[in-house]
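Colleague: Sharing input24.cif (mmCIF, C-alpha atoms) below.
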```cif
data_target
#
loop_
_atom_site.label_atom_id
_atom_site.label_comp_id
_atom_site.auth_asym_id
_atom_site.auth_seq_id
_atom_site.Cartn_x
_atom_site.Cartn_y
_atom_site.Cartn_z
CA MET V 1 -19.27 -0.65 38.97
CA ALA V 2 -19.79 -3.14 36.17
CA GLN V 3 -23.23 -4.69 35.80
CA GLU V 4 -23.89 -8.40 35.46
CA ASN V 5 -24.11 -9.70 31.93
CA PRO V 6 -27.64 -8.65 30.74
CA SER V 7 -30.08 -11.34 29.63
CA ASN V 8 -30.42 -9.86 26.14
CA CYS V 9 -26.66 -9.81 25.50
CA SER V 10 -25.76 -10.66 21.90
CA GLY V 11 -22.13 -11.38 22.70
CA SER V 12 -20.92 -8.51 20.51
CA CYS V 13 -19.22 -5.80 22.57
CA GLY V 14 -18.19 -3.62 19.62
CA SER V 15 -21.47 -1.70 19.32
CA CYS V 16 -22.66 -2.07 22.93
CA SER V 17 -22.39 0.68 25.54
CA THR V 18 -23.38 -1.43 28.56
CA ASP V 19 -20.67 -1.68 31.22
CA CYS V 20 -21.15 -5.33 32.11
CA SER V 21 -18.79 -7.76 33.83
CA SER V 22 -18.10 -9.74 30.66
CA ARG V 23 -17.32 -6.74 28.49
CA THR V 24 -14.10 -7.13 26.51
CA ALA V 25 -12.22 -4.94 24.04
CA PRO V 26 -13.29 -5.70 20.46
CA GLN V 27 -10.80 -7.87 18.61
CA LYS V 28 -9.20 -6.29 15.54
CA LEU V 29 -10.14 -7.81 12.22
CA ALA V 30 -7.60 -8.90 9.64
CA PRO V 31 -7.84 -9.04 5.83
CA ASN V 32 -8.57 -12.40 4.24
CA SER V 33 -5.95 -15.03 3.41
CA VAL V 34 -5.10 -13.62 -0.04
CA SER V 35 -4.81 -9.99 1.11
CA GLN V 36 -2.09 -7.95 2.74
CA VAL V 37 -2.64 -4.26 3.52
CA LYS V 38 0.31 -2.16 4.69
CA LYS V 39 -1.53 1.02 5.75
CA ILE V 40 -5.18 1.79 6.44
CA ILE V 41 -6.18 5.45 6.38
CA GLY V 42 -9.63 6.76 7.28
CA VAL V 43 -10.88 9.93 5.59
CA VAL V 44 -13.38 11.60 7.92
CA SER V 45 -15.45 14.74 8.34
CA GLY V 46 -17.55 15.95 11.22
CA LYS V 47 -20.38 16.87 8.84
CA GLY V 48 -21.49 16.17 5.30
CA GLY V 49 -21.02 18.35 2.24
CA VAL V 50 -17.41 19.40 2.78
CA GLY V 51 -15.83 17.16 0.12
CA LYS V 52 -14.76 14.11 2.10
CA THR V 53 -15.49 11.63 -0.68
CA LEU V 54 -13.84 13.86 -3.28
CA THR V 55 -10.76 14.11 -1.06
CA THR V 56 -10.69 10.32 -0.76
CA CYS V 57 -10.81 9.97 -4.55
CA LEU V 58 -8.07 12.54 -5.10
CA LEU V 59 -5.77 11.09 -2.43
CA ALA V 60 -6.20 7.60 -3.88
CA SER V 61 -5.51 8.86 -7.40
CA GLU V 62 -2.35 10.71 -6.40
CA LEU V 63 -1.04 7.74 -4.41
CA ARG V 64 -1.68 5.51 -7.43
CA LYS V 65 0.14 7.94 -9.75
CA ALA V 66 3.10 7.77 -7.34
CA GLY V 67 3.30 4.02 -7.96
CA TYR V 68 1.53 2.67 -4.88
CA SER V 69 -1.09 -0.06 -4.92
CA VAL V 70 -4.31 1.45 -3.57
CA GLY V 71 -7.79 0.34 -2.53
CA ILE V 72 -10.86 2.28 -1.40
CA MET V 73 -13.46 0.91 0.97
CA ASP V 74 -16.60 3.03 0.67
CA ALA V 75 -17.94 3.03 4.23
CA ASP V 76 -20.54 5.70 3.49
CA LEU V 77 -23.14 2.97 3.01
CA THR V 78 -26.21 5.20 2.73
CA GLY V 79 -24.59 7.70 0.35
CA PRO V 80 -22.01 5.76 -1.66
CA SER V 81 -20.53 7.73 -4.56
CA ILE V 82 -16.99 6.37 -5.00
CA PRO V 83 -17.95 4.07 -7.93
CA LYS V 84 -19.50 6.98 -9.86
CA ALA V 85 -16.36 9.09 -9.52
CA PHE V 86 -14.17 6.30 -10.91
CA GLY V 87 -16.60 5.08 -13.54
CA VAL V 88 -16.82 1.51 -12.21
CA LYS V 89 -19.96 -0.60 -12.07
CA GLY V 90 -21.19 -3.88 -10.59
CA PRO V 91 -22.19 -6.52 -10.13
CA LEU V 92 -19.23 -7.82 -8.17
CA ARG V 93 -18.10 -11.44 -8.44
CA ALA V 94 -16.80 -13.78 -5.77
CA ASP V 95 -14.59 -16.85 -5.72
CA GLU V 96 -13.57 -19.36 -3.06
CA THR V 97 -11.41 -16.80 -1.24
CA GLY V 98 -13.80 -13.86 -1.13
CA ILE V 99 -15.36 -10.95 -3.04
CA ASN V 100 -13.44 -9.50 -5.97
CA PRO V 101 -13.53 -5.68 -5.87
CA ALA V 102 -14.11 -3.46 -8.88
CA VAL V 103 -10.96 -1.99 -10.41
CA SER V 104 -10.64 1.55 -11.80
CA ALA V 105 -8.87 2.55 -15.01
CA SER V 106 -5.58 3.12 -13.18
CA GLY V 107 -5.87 -0.01 -11.02
CA ILE V 108 -7.48 1.28 -7.80
CA LYS V 109 -9.52 -1.48 -6.14
CA ILE V 110 -12.97 -0.38 -4.96
CA MET V 111 -15.59 -1.90 -2.66
CA SER V 112 -18.94 -0.12 -2.26
CA THR V 113 -22.61 -0.90 -1.66
CA ASN V 114 -23.45 0.71 -5.00
CA LEU V 115 -21.55 -2.12 -6.69
CA MET V 116 -23.90 -4.62 -5.07
CA LEU V 117 -27.27 -2.97 -5.73
CA PRO V 118 -29.40 -3.59 -8.83
CA ARG V 119 -29.83 0.18 -9.29
CA GLU V 120 -27.52 3.06 -8.38
CA ASP V 121 -30.41 5.07 -6.94
CA MET V 122 -31.77 2.30 -4.73
CA PRO V 123 -31.90 3.54 -1.10
CA VAL V 124 -30.01 1.81 1.69
CA ALA V 125 -32.04 1.99 4.92
CA TRP V 126 -30.30 -0.31 7.38
CA ARG V 127 -29.84 -0.14 11.13
CA GLY V 128 -26.44 0.18 12.78
CA PRO V 129 -25.66 -3.51 13.47
CA VAL V 130 -26.46 -4.47 9.87
CA MET V 131 -24.19 -1.74 8.50
CA THR V 132 -21.41 -2.69 10.90
CA GLY V 133 -21.62 -6.32 9.82
CA LEU V 134 -21.48 -5.40 6.13
CA LEU V 135 -18.45 -3.16 6.62
CA GLU V 136 -16.63 -5.96 8.40
CA GLN V 137 -17.36 -8.16 5.39
CA PHE V 138 -16.10 -5.42 3.06
CA PHE V 139 -12.84 -5.42 4.98
CA ASN V 140 -12.10 -9.06 5.68
CA GLU V 141 -13.98 -10.87 2.91
CA THR V 142 -12.70 -8.81 -0.01
CA ASN V 143 -9.81 -10.02 -2.14
CA TRP V 144 -7.77 -6.85 -1.75
CA GLY V 145 -4.52 -8.56 -2.71
CA GLU V 146 -1.35 -6.68 -1.77
CA LEU V 147 -2.08 -3.03 -1.05
CA ASP V 148 0.22 -0.26 0.07
CA TYR V 149 -2.79 1.83 1.10
CA LEU V 150 -6.44 1.12 1.84
CA LEU V 151 -8.42 4.35 2.16
CA ILE V 152 -11.73 4.18 4.02
CA ASP V 153 -14.25 6.81 2.94
CA MET V 154 -16.11 7.28 6.21
CA PRO V 155 -19.71 8.44 6.60
CA PRO V 156 -20.00 11.99 7.99
CA GLY V 157 -20.25 12.49 11.72
CA THR V 158 -19.29 10.32 14.68
CA SER V 159 -21.95 7.64 14.63
CA ASP V 160 -21.96 3.91 15.40
CA VAL V 161 -20.19 3.14 12.11
CA PHE V 162 -17.34 5.49 13.09
CA LEU V 163 -16.88 3.68 16.40
CA SER V 164 -17.14 0.22 14.87
CA ILE V 165 -14.54 0.85 12.18
CA PHE V 166 -11.97 2.36 14.50
CA GLN V 167 -12.50 -0.30 17.16
CA ARG V 168 -12.59 -3.30 14.82
CA MET V 169 -10.18 -2.40 12.01
CA PRO V 170 -6.44 -1.72 12.36
CA VAL V 171 -6.60 1.89 11.19
CA ASP V 172 -3.18 3.57 11.05
CA GLY V 173 -4.46 7.14 11.03
CA ILE V 174 -7.04 9.57 9.72
CA VAL V 175 -7.17 12.56 7.41
CA THR V 176 -9.96 14.95 8.30
CA VAL V 177 -11.73 17.23 5.81
CA SER V 178 -13.25 20.63 6.56
CA ALA V 179 -14.51 23.80 4.87
CA PRO V 180 -13.58 27.41 5.68
CA GLN V 181 -16.17 28.18 8.34
CA GLU V 182 -15.57 28.40 12.05
CA LEU V 183 -18.59 26.17 12.73
CA VAL V 184 -17.11 23.43 10.54
CA GLY V 185 -13.83 23.76 12.43
CA ILE V 186 -15.62 23.07 15.70
CA ILE V 187 -17.25 19.96 14.23
CA VAL V 188 -13.86 18.82 12.93
CA GLY V 189 -12.70 18.93 16.53
CA LYS V 190 -15.36 16.40 17.53
CA ALA V 191 -14.10 13.84 15.00
CA VAL V 192 -10.46 14.54 15.85
CA ASN V 193 -11.01 14.20 19.59
CA LEU V 194 -13.01 10.98 19.20
CA ALA V 195 -10.31 9.47 16.99
CA ARG V 196 -7.70 10.27 19.62
CA ASP V 197 -9.91 8.81 22.34
CA LEU V 198 -9.83 5.60 20.28
CA ASN V 199 -6.01 5.83 19.93
CA VAL V 200 -6.14 6.55 16.21
CA PRO V 201 -3.51 9.12 15.08
CA VAL V 202 -4.68 12.26 13.27
CA LEU V 203 -2.33 12.71 10.31
CA GLY V 204 -3.63 15.68 8.38
CA LEU V 205 -6.35 18.22 7.61
CA VAL V 206 -7.66 19.11 4.15
CA GLU V 207 -9.56 22.40 4.05
CA ASN V 208 -11.73 22.11 0.98
CA MET V 209 -13.37 24.94 -1.02
CA ALA V 210 -11.07 27.42 0.68
CA TYR V 211 -11.10 29.93 -2.19
CA TYR V 212 -11.89 30.47 -5.86
CA LEU V 213 -8.96 31.34 -8.11
CA CYS V 214 -9.96 33.81 -10.81
CA ASP V 215 -9.01 32.64 -14.29
CA GLY V 216 -8.50 36.20 -15.51
CA CYS V 217 -6.50 37.93 -12.78
CA GLY V 218 -5.29 35.05 -10.62
CA LYS V 219 -6.76 36.61 -7.48
CA LYS V 220 -8.08 34.39 -4.70
CA HIS V 221 -11.70 35.03 -3.78
CA TYR V 222 -12.76 33.71 -0.38
CA ILE V 223 -16.36 32.78 -1.13
CA PHE V 224 -17.06 31.19 2.26
CA GLY V 225 -14.87 33.48 4.38
CA GLU V 226 -11.21 33.46 5.32
CA PRO V 227 -9.57 30.00 5.41
CA GLN V 228 -9.49 28.35 8.83
CA GLY V 229 -7.15 25.45 8.01
CA GLU V 230 -3.97 26.72 9.63
CA LYS V 231 -5.84 27.87 12.73
CA THR V 232 -7.75 24.58 13.06
CA ALA V 233 -4.62 22.47 12.54
CA ALA V 234 -2.79 24.43 15.24
CA LYS V 235 -5.73 24.24 17.66
CA TYR V 236 -6.02 20.46 17.43
CA ASP V 237 -2.29 19.76 16.96
CA ILE V 238 -2.73 18.24 13.50
CA PRO V 239 0.75 17.75 11.97
CA ALA V 240 -0.06 18.59 8.33
CA TYR V 241 -2.71 20.64 6.56
CA THR V 242 -3.49 21.97 3.11
CA THR V 243 -6.09 24.22 1.52
CA MET V 244 -7.89 23.19 -1.67
CA PRO V 245 -9.52 25.73 -4.00
CA MET V 246 -12.95 25.41 -5.55
CA MET V 247 -12.37 23.58 -8.84
CA PRO V 248 -15.49 23.56 -11.06
CA ASN V 249 -13.97 21.02 -13.47
CA LEU V 250 -13.98 18.36 -10.75
CA ALA V 251 -17.77 18.08 -10.89
CA SER V 252 -17.72 17.21 -14.58
CA LEU V 253 -14.90 14.70 -14.09
CA VAL V 254 -16.81 12.97 -11.28
CA ASP V 255 -19.98 12.84 -13.40
CA ALA V 256 -17.98 11.31 -16.25
CA GLY V 257 -16.23 8.79 -13.96
CA ARG V 258 -12.82 10.24 -14.78
CA ILE V 259 -11.65 11.71 -11.47
CA GLU V 260 -8.28 10.00 -11.89
CA GLU V 261 -7.43 12.40 -14.70
CA GLU V 262 -7.21 15.42 -12.39
CA ASP V 263 -3.76 16.44 -11.12
CA VAL V 264 -3.88 17.90 -7.60
CA LYS V 265 -0.51 16.69 -6.35
CA ASP V 266 0.72 20.22 -5.56
CA TYR V 267 -2.29 20.87 -3.33
CA LEU V 268 -2.22 17.51 -1.55
CA GLN V 269 1.55 17.15 -1.18
CA PRO V 270 1.63 18.12 2.53
CA ILE V 271 -0.86 15.31 3.23
CA LEU V 272 0.84 12.80 0.94
CA ASP V 273 4.11 13.44 2.79
CA VAL V 274 2.66 12.19 6.09
CA LEU V 275 0.82 9.14 4.76
#
```
Could you write out this file's structure as structure tokens?

Modeller:
Amino acid sequence: MAQENPSNCSGSCGSCSTDCSSRTAPQKLAPNSVSQVKKIIGVVSGKGGVGKTLTTCLLASELRKAGYSVGIMDADLTGPSIPKAFGVKGPLRADETGINPAVSASGIKIMSTNLMLPREDMPVAWRGPVMTGLLEQFFNETNWGELDYLLIDMPPGTSDVFLSIFQRMPVDGIVTVSAPQELVGIIVGKAVNLARDLNVPVLGLVENMAYYLCDGCGKKHYIFGEPQGEKTAAKYDIPAYTTMPMMPNLASLVDAGRIEEEDVKDYLQPILDVL
């Protein structure tokens, strides 16, 4: 039975768990007046350290190479690293319509907290409602222009930010990222099941660091155990999956801000086909 509206109600139902009589479904946000976004794709992982941000960068780069207009919203507010990978820096500028995002060498538009801080290593220690409010501003106060795809690099896990984005933003689907361990596969299931509870389609699975390909003999070495991608995709009825090898050169490209130079189309094609 629903409770009466509590006295300390803020009027914002999006991040509130109280079942009160005035509770309503959060209204979906829309981009600002100068922006039109055709598809919004969240890139998620149940835990950190599996390559979610790298996958976001590589997907965006391959979509851009295919001729699509692409933006990235860095929703990992406490650990933002998208600007570093693309070699873009702040400060951002604004005009009468909104905030102008940074633009990468190939034309990918990027919004991130690290573009708004005076130092890249300055910590971000904000509570949930503050982070939710900032992400809403990232989405509907940014001059995204006309985009075919907006990729949202989600923070790891299934926290308040996860709920807020999928309740407040018109997300068309998610791509989930894992690593080849059974434990990671279980945690992937948590993110997948929550997305489906929120009526967000699960489009694909990227299993990162699945193997190391020997330069000399071409043999695959399974450093972290046998790949689990196919098994995990079948278990959770994910329509497309791919396995990505360990690629040491990616670290140097990210450090140099040149991630767009890497060609991983062959690896990501099954995911690109469903986007």

Colleague: Please indicate the distance in Å from CA of Leu163 (chain V) to CA of Leu92 (chain V), rounded to one decimal place.

Modeller: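 So the answer is 27.2 Å.
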
Colleague: Evaluate the PyMOL selection byres ((chain V and resi 224-232) around 7) against this structure - the residues, as number ranges by chain, please.

Modeller: V: 180-182, 185, 207, 210, 222-223, 233-236, 241, 243

Colleague: Could you tell me which of V:Pro245, V:Pro31, V:Gly128, V:Gly98 comes closest to Tyr212 (chain V) if we count only C-alpha atoms?

Modeller: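 Among V:Pro245, V:Pro31, V:Gly128, V:Gly98, it is V:Pro245 that comes nearest to Tyr212 (chain V).
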
Colleague: Could you tell me, as an MDAnalysis selection string, exactly which residues end up selected when the PyMOL selection byres ((chain V and resi 102-117) around 10) is applied to this structure?

Modeller: chainID V and resid 57 60:61 63:65 68:93 99:101 118:124 134:135 138:139 142:145 147 150:153 257:258 260:261

Colleague: Of the residues V:Tyr211, V:Ser252, V:Val177, V:Val171, which is the one nearest to Val50 (chain V), using only C-alpha atoms?

Modeller: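 Residue with the minimum atom-to-atom distance to Val50 (chain V): V:Val177.
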
Colleague: To verify the selection step, state as a PDB file with C-alpha atoms, in the frame of the given file which residues the PyMOL selection byres ((chain V and resi 194-199) around 8) yields on this input.

Modeller:
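Output below, filename result.pdb:
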```pdb
ATOM      1  CA  THR V 158     -19.290  10.320  14.680  1.00  0.00           C
ATOM      2  CA  PHE V 166     -11.970   2.360  14.500  1.00  0.00           C
ATOM      3  CA  GLN V 167     -12.500  -0.300  17.160  1.00  0.00           C
ATOM      4  CA  ILE V 174      -7.040   9.570   9.720  1.00  0.00           C
ATOM      5  CA  LYS V 190     -15.360  16.400  17.530  1.00  0.00           C
ATOM      6  CA  ALA V 191     -14.100  13.840  15.000  1.00  0.00           C
ATOM      7  CA  VAL V 192     -10.460  14.540  15.850  1.00  0.00           C
ATOM      8  CA  ASN V 193     -11.010  14.200  19.590  1.00  0.00           C
ATOM      9  CA  VAL V 200      -6.140   6.550  16.210  1.00  0.00           C
ATOM     10  CA  PRO V 201      -3.510   9.120  15.080  1.00  0.00           C
ATOM     11  CA  VAL V 202      -4.680  12.260  13.270  1.00  0.00           C
TER      12      VAL V 202
END
```

Colleague: Nearest to Val130 (chain V) among V:Val161, V:Ile238, V:Pro156, V:Gly173, with distances taken over all atoms listed in the file: which residue is it?

Modeller: V:Val161

Colleague: State, in Å with one decimal place, the distance from CA of Pro170 (chain V) to CA of Lys28 (chain V).

Modeller: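 A separation of 6.2 Å between them.
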
Colleague: Which residues are near Asp160 (chain V)? Cut-off 9 Å, only C-alpha atoms, ignore same chain within fewer than 5 positions. Put them as a list in words.

Modeller: Ser15, Gly128, Pro129, Thr132 and Ile165 of chain V

Colleague: Using all atoms listed in the file, which residue out of V:Glu62, V:Asp95, V:Glu141, V:Glu136 lies closest to Ser33 (chain V)?

Modeller: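 Answer, going by the shortest atom-to-atom distance: V:Glu141.
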
Colleague: Show which residues sit within 12 Å of Pro270 (chain V), as a PyMOL selection string. Count all atoms listed in the file, and ignore same-chain residues fewer than 4 positions away.

Modeller: chain V and resi 59+175+203-206+238-244+264-266+274-275

Colleague: Which one is closest to Glu262 (chain V): V:Leu250, V:Val43, V:Val37, V:Ala30? Count all atoms listed in the file.

Modeller: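 Answer, going by the shortest atom-to-atom distance: V:Leu250.
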
Colleague: From the options V:Gln27, V:Thr56, V:Asp148, V:Gly67, which residue's atoms come nearest to Lys39 (chain V), counting all atoms listed in the file?

Modeller: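 For Lys39 (chain V), the nearest of the candidates is V:Asp148.
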